[in-house]
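S.K.: Below is one structure. I have some questions about it.
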Amino acid sequence: MIDNEFEKTFIRTSNPNIFKAGTLFDNPEAFHELMMHYYCAIREVTTKLEVLNDELSLKSRHSPIEDIRSRVKSPESIAEKLHKKGLEPTTANIVRNLDDVAGIRVICSFVDDIFDIANMLASQDDITLIESKNYIKFPKDNGYRSLHLIVEIPIFLSGGKKPMKVEVQIRTIAMDFWASLEHQLKYKKNISNAEEISLELKKCADIISATDLRMQDIRNKLNNSN
Ligand code: 0O2
């Protein structure tokens, strides 16, 4: 059973829990409104990803995206993250200091698809790329691999448009499989053989990475032989 908030709330479509009481915050009404805006931003980016996937599937008979999941961070996680940064739980602090309240996870079959999708998304004229972290070229010490983008996208409200930040994590099926298991290690307490498990996970990450590259190579050969 996976028991961390991120994995539990990353669901296929929308997160109905975003209107959960935001009483931890200075102004619960403003908090709810802000969460609604993050939810809208997720929908805007998700639609863009779906459109790209539909178009590329039709053109190449290969769907680059296997799955799209999204979540808005829970009020508790937001408050905890602000607390760790030494900040008061206010909506102004959320907007100024947190980039991952709205999160989208994109699962691709092949490594090249990750970068194709990222480039196509980031080059759209209503998207601003704020930050990009390439943990595929530069994996974390524990073996974590993924491409992280922070993008800004406008949402269109009755009073005008508002720019919103969204974190987009793009990874292969294999990278996602690994990260889900590793996440359990991070959140489980009192593991007696944690070091041994970390080493084993690191080995698996390297095997997975090599396999991803070989799969990409096979696919390139198949494409070239058509
Ligand atoms: P949760 O519960 O997954 O949302 P920042 O978010 O900017 O304050 P950081 O570490 O600079 O922190 O951001 P980074 O590196 O872009 O990582 C953010 C998210 O990527 C994490 O969210 C995880 O979802 C994922 N991630 C990063 N490193 C690892 C890792 O080693 N293992 C796994 N399984 N996932 C990772 P949160 O906020 O940590 O938690």
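The chains in the structure tokens are called A, B, ... from first to last as shown; in each chain the residues are counted from 1, and the ligands are counted from 1 in the order shown.
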Given only C-alpha atoms and all ligand atoms, how would the per-residue table for chain A near ligand 1 read, listing every residue at most 8 Å away with its closest atom pair and distance in Å to one decimal, sorted by chain and number, as a Markdown table?
M.R.:
```
| residue | atom | partner | partner_atom_place_in_ligand_line | distance |
| --- | --- | --- | --- | --- |
| A:Asn4 | CA | ligand 1 | 2 (O) | 6.6 |
| A:Glu5 | CA | ligand 1 | 2 (O) | 5.8 |
| A:Phe6 | CA | ligand 1 | 2 (O) | 4.0 |
| A:Glu7 | CA | ligand 1 | 3 (O) | 7.0 |
| A:Lys73 | CA | ligand 1 | 4 (O) | 7.1 |
| A:Ser77 | CA | ligand 1 | 2 (O) | 7.8 |
| A:Lys81 | CA | ligand 1 | 8 (O) | 7.6 |
| A:Leu98 | CA | ligand 1 | 8 (O) | 7.1 |
| A:Asp99 | CA | ligand 1 | 7 (O) | 6.7 |
| A:Asp100 | CA | ligand 1 | 6 (O) | 6.0 |
| A:Gly103 | CA | ligand 1 | 4 (O) | 8.0 |
| A:Lys133 | CA | ligand 1 | 16 (O) | 6.6 |
| A:Lys140 | CA | ligand 1 | 31 (O) | 6.4 |
| A:Asn142 | CA | ligand 1 | 31 (O) | 6.2 |
| A:Gly143 | CA | ligand 1 | 31 (O) | 7.2 |
| A:Tyr144 | CA | ligand 1 | 31 (O) | 4.9 |
| A:Arg145 | CA | ligand 1 | 30 (C) | 7.9 |
| A:His148 | CA | ligand 1 | 16 (O) | 5.8 |
| A:Leu149 | CA | ligand 1 | 16 (O) | 7.9 |
| A:Gln169 | CA | ligand 1 | 20 (O) | 7.3 |
| A:Trp178 | CA | ligand 1 | 34 (N) | 7.4 |
| A:Ala179 | CA | ligand 1 | 34 (N) | 3.8 |
| A:Ser180 | CA | ligand 1 | 34 (N) | 5.7 |
| A:Leu181 | CA | ligand 1 | 34 (N) | 7.1 |
| A:Glu182 | CA | ligand 1 | 34 (N) | 4.9 |
| A:His183 | CA | ligand 1 | 34 (N) | 4.1 |
| A:Gln184 | CA | ligand 1 | 34 (N) | 7.8 |
| A:Lys186 | CA | ligand 1 | 34 (N) | 7.7 |
```
S.K.: From a DSSP pass on the backbone, collect the residues of range 8-180 of chain A flagged as strand (DSSP E or B) and hand them back as a ChimeraX atom specification.
M.R.: /A:11,65-72,102-108,128-134,147-157,160-172
S.K.: Quick check, in Å to one decimal: how far apart do CA of Leu56 in chain A and CA of Val72 in chain A lie?
M.R.: 27.7 Å
S.K.: Just want the 12 Å neighbourhood of range 210-218 of chain A, counted on only C-alpha atoms, with same-chain residues fewer than 2 positions away dropped. Output as a PyMOL selection string.
M.R.: chain A and resi 108-114+136+145+171-176+203-208+220-225
S.K.: Give me the residues within 12 Å of range 120-127 of chain A as an NGL selection string, counting only C-alpha atoms and dropping any in the same chain fewer than 4 places off.
M.R.: :A and (41 or 44-53 or 55-56 or 106 or 113-116 or 131-132 or 148-156 or 161-166 or 168 or 170)
S.K.: So which bits of range 16-150 of chain A end up helix (DSSP H, G or I) when you DSSP the backbone, as number ranges by chain?
M.R.: A: 16-19, 28-60, 75-84, 91-97, 111-122
S.K.: Between CA of Leu185 in chain A and CA of Ser198 in chain A, measure the distance and give it in Å to one decimal.
M.R.: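 Pair CA of Leu185 in chain A / CA of Ser198 in chain A returns 8.1 Å.
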